Amino acid sequence: MSSCNGNCASCSSDCGDRKKESLLAALNPKSSIKKVIAVVSGKGGVGKSTVTSLLAVAMARQGKRVGILDADITGPSVPTAFGVNECQGASEDGLYPALTRTGMQVMSINLLLDNPADPVVWRGPVIAGAVKQFWTDVIWEDVDYLFVDMPPGTGDVPLTVFQSLPVDGIVVVTSPQDLVSMIVSKAVKMANMMHVPVLGFVENYAYLTCPDCGKKINVFGKSGLDEVAAQMELPILARLPIDPAVAEAFDNGQMETLNTDAVSDVIKAILNQ
């Protein structure tokens, strides 16, 4: 357009020169974030927050400064995983996230509620706006990798995150069930539509190891993820077992005590991104 001044934010119409980057939200001036990795799932109940927490811990053990943005506003669970209850405080510059025992930075709606058990009864656009504020109003200090724990599905919040945050890649968490093909396809197709690289899959609850004989039991039946991954030409980066010790650590805020070797290939993929 001949009258274009190069500032897409000031233009109400669309044109061929309109830049995708114009939708990105401004990071808090006091923040520093090098890479953003979103952890997504097509459906709920696959242990996405657990996987996000394991990846954050594993990355911190690589000597990186790590943050976790809990974007699941109506079902926040990251504070529980790390035993944090409140933010560090606030200033005129913004809000300081909570710190875990090992120094990871965490921001979640549950850190701002008077009672963490109170429900967040907000409509979609308000929820999406809150997630955006976790980017613009929170002071993230020297973060090498910010992990975004996304709500399941392809609704307002994932759309806001993909449009407003400079996401460098996503990890898709699945479980070995018959409907995995359709659900995974939706999540991957949305990422492709938003031009966000998909790093690969993590299959959670992939098997149960018998405590007596060590045999692997496919509790949910044979996985269909191999075929789906091959069709999409994406790698399966990890297969995680059903492990009561992980559930206990999550519930007791002890995720930083767990062994993270099972997600080492996921960390390699992220570092190579």
# chains A, B, ... in the order shown; residues from 1 in each chain; ligands from 1

$ residues_around --residues "range 106-112 of chain A" --least-positions-apart "6" --cutoff "6 Å" --atoms "only C-alpha atoms" --output "list in words"
Gly67, Ile68, Leu69, Asp70, Asn85, Glu86, Pro97 and Ala98 of chain A

$ residues_around --residues "Val161 in chain A" --least-positions-apart "2" --cutoff "10 Å" --atoms "only C-alpha atoms" --output "VMD selection string"
chain A and resid 24 to 25 38 71 128 to 129 131 to 132 135 148 150 156 to 159 163 to 167

$ closest_residue --among "A:Gly169, A:Pro244, A:Gly155, A:Pro79" --to "Arg123 in chain A" --atoms "only C-alpha atoms"
A:Gly155

$ select_by_dssp --residues "range 177-232 of chain A" --states "strand (DSSP E or B)" --output "number ranges by chain"
A: 198-203, 208-209, 216-217

$ write_last_selection --atoms "N, CA and C atoms" --output "CSV table (one decimal), in the first residue's frame"
chain,number,residue,atom,x,y,z
A,198,VAL,N,7.6,-28.1,14.9
A,198,VAL,CA,7.3,-29.2,15.8
A,198,VAL,C,8.6,-30.0,16.0
A,199,LEU,N,9.1,-30.1,17.2
A,199,LEU,CA,10.3,-30.8,17.5
A,199,LEU,C,10.1,-32.3,17.5
A,200,GLY,N,9.0,-32.7,17.9
A,200,GLY,CA,8.7,-34.2,18.0
A,200,GLY,C,7.7,-34.5,19.1
A,201,PHE,N,7.6,-35.8,19.3
A,201,PHE,CA,6.5,-36.3,20.3
A,201,PHE,C,7.2,-36.9,21.5
A,202,VAL,N,6.4,-36.7,22.6
A,202,VAL,CA,6.7,-37.5,23.8
A,202,VAL,C,5.5,-38.3,24.2
A,203,GLU,N,5.6,-39.6,24.2
A,203,GLU,CA,4.5,-40.5,24.5
A,203,GLU,C,4.6,-40.8,26.0
A,208,LEU,N,3.8,-49.8,31.7
A,208,LEU,CA,4.1,-49.9,33.1
A,208,LEU,C,5.1,-51.1,33.3
A,209,THR,N,6.1,-50.8,34.1
A,209,THR,CA,7.1,-51.8,34.4
A,209,THR,C,6.6,-52.6,35.6
A,216,LYS,N,7.5,-55.1,30.7
A,216,LYS,CA,6.8,-53.9,30.3
A,216,LYS,C,5.4,-54.3,29.9
A,217,ILE,N,4.4,-53.6,30.5
A,217,ILE,CA,3.0,-53.9,30.3
A,217,ILE,C,2.4,-52.7,29.6

$ residues_around --residues "Tyr145 in chain A" --least-positions-apart "3" --cutoff "6 Å" --atoms "only C-alpha atoms" --output "PyMOL selection string"
chain A and resi 35-36+66

$ closest_residue --among "A:Cys210, A:Val120, A:Ile236, A:Leu225" --to "Val266 in chain A" --atoms "only C-alpha atoms"
A:Ile236

$ closest_residue --among "A:Ala90, A:Val196, A:Asp168, A:Thr257" --to "Asn272 in chain A" --atoms "only C-alpha atoms"
A:Asp168

$ closest_atom_pairs --of "range 28-101 of chain A" --to "range 175-193 of chain A" --cutoff "9 Å" --atoms "only C-alpha atoms" --output "JSON lines"
{"residue": "A:Val40", "atom": "CA", "partner": "A:Ala187", "partner_atom": "CA", "distance": 7.5}
{"residue": "A:Ser41", "atom": "CA", "partner": "A:Ala187", "partner_atom": "CA", "distance": 6.7}
{"residue": "A:Gly42", "atom": "CA", "partner": "A:Ile183", "partner_atom": "CA", "distance": 5.0}
{"residue": "A:Lys43", "atom": "CA", "partner": "A:Ile183", "partner_atom": "CA", "distance": 6.8}
{"residue": "A:Gly45", "atom": "CA", "partner": "A:Ser175", "partner_atom": "CA", "distance": 8.8}
{"residue": "A:Val46", "atom": "CA", "partner": "A:Ser175", "partner_atom": "CA", "distance": 5.8}
{"residue": "A:Gly47", "atom": "CA", "partner": "A:Ser175", "partner_atom": "CA", "distance": 8.6}

$ write_last_selection --atoms "all heavy atoms" --output "PDB file, in the first residue's frame"
ATOM      1  N   VAL A  40       2.657 -28.918  24.270  1.00  0.00           N
ATOM      2  CA  VAL A  40       1.232 -28.953  23.920  1.00  0.00           C
ATOM      3  C   VAL A  40       0.706 -30.384  23.914  1.00  0.00           C
ATOM      4  O   VAL A  40       1.470 -31.352  23.892  1.00  0.00           O
ATOM      5  CB  VAL A  40       0.987 -28.308  22.534  1.00  0.00           C
ATOM      6  CG1 VAL A  40       1.638 -26.943  22.436  1.00  0.00           C
ATOM      7  CG2 VAL A  40       1.515 -29.208  21.421  1.00  0.00           C
ATOM      8  N   SER A  41      -0.621 -30.474  23.935  1.00  0.00           N
ATOM      9  CA  SER A  41      -1.281 -31.767  23.757  1.00  0.00           C
ATOM     10  C   SER A  41      -2.613 -31.521  23.069  1.00  0.00           C
ATOM     11  O   SER A  41      -3.222 -30.463  23.234  1.00  0.00           O
ATOM     12  CB  SER A  41      -1.508 -32.468  25.102  1.00  0.00           C
ATOM     13  OG  SER A  41      -2.401 -31.731  25.901  1.00  0.00           O
ATOM     14  N   GLY A  42      -3.062 -32.484  22.310  1.00  0.00           N
ATOM     15  CA  GLY A  42      -4.329 -32.342  21.629  1.00  0.00           C
ATOM     16  C   GLY A  42      -5.511 -32.535  22.560  1.00  0.00           C
ATOM     17  O   GLY A  42      -6.601 -32.060  22.294  1.00  0.00           O
ATOM     18  N   LYS A  43      -5.302 -33.241  23.670  1.00  0.00           N
ATOM     19  CA  LYS A  43      -6.367 -33.519  24.627  1.00  0.00           C
ATOM     20  C   LYS A  43      -5.799 -33.468  26.042  1.00  0.00           C
ATOM     21  O   LYS A  43      -4.586 -33.510  26.249  1.00  0.00           O
ATOM     22  CB  LYS A  43      -6.999 -34.897  24.365  1.00  0.00           C
ATOM     23  CG  LYS A  43      -6.024 -36.055  24.536  1.00  0.00           C
ATOM     24  CD  LYS A  43      -6.666 -37.384  24.185  1.00  0.00           C
ATOM     25  CE  LYS A  43      -7.730 -37.777  25.181  1.00  0.00           C
ATOM     26  NZ  LYS A  43      -7.202 -38.041  26.532  1.00  0.00           N
ATOM     27  N   GLY A  45      -5.364 -34.811  30.097  1.00  0.00           N
ATOM     28  CA  GLY A  45      -5.146 -36.077  30.779  1.00  0.00           C
ATOM     29  C   GLY A  45      -3.968 -36.884  30.302  1.00  0.00           C
ATOM     30  O   GLY A  45      -3.863 -38.077  30.620  1.00  0.00           O
ATOM     31  N   VAL A  46      -3.057 -36.266  29.547  1.00  0.00           N
ATOM     32  CA  VAL A  46      -1.902 -37.014  29.048  1.00  0.00           C
ATOM     33  C   VAL A  46      -0.626 -36.729  29.853  1.00  0.00           C
ATOM     34  O   VAL A  46       0.443 -37.220  29.510  1.00  0.00           O
ATOM     35  CB  VAL A  46      -1.653 -36.728  27.542  1.00  0.00           C
ATOM     36  CG1 VAL A  46      -2.843 -37.152  26.716  1.00  0.00           C
ATOM     37  CG2 VAL A  46      -1.324 -35.262  27.312  1.00  0.00           C
ATOM     38  N   GLY A  47      -0.735 -35.926  30.909  1.00  0.00           N
ATOM     39  CA  GLY A  47       0.434 -35.651  31.736  1.00  0.00           C
ATOM     40  C   GLY A  47       1.345 -34.586  31.176  1.00  0.00           C
ATOM     41  O   GLY A  47       2.556 -34.615  31.396  1.00  0.00           O
TER      42      GLY A  47
END

$ residues_around --residues "Ala245 in chain A" --least-positions-apart "5" --cutoff "12 Å" --atoms "only C-alpha atoms" --output "list in words"
Thr50, Phe250, Asp251, Asn252, Gln254, Met255, Thr257, Leu258 and Asn259 of chain A

$ atom_distance --atom1 "CA of Leu27 in chain A" --atom2 "CA of Tyr96 in chain A"
13.8 Å

$ closest_residue --among "A:Pro116, A:Gly103, A:Gly89, A:Pro76" --to "Ala56 in chain A" --atoms "only C-alpha atoms"
A:Gly103

$ atom_distance --atom1 "CA of Phe162 in chain A" --atom2 "CA of Ser31 in chain A"
19.2 Å
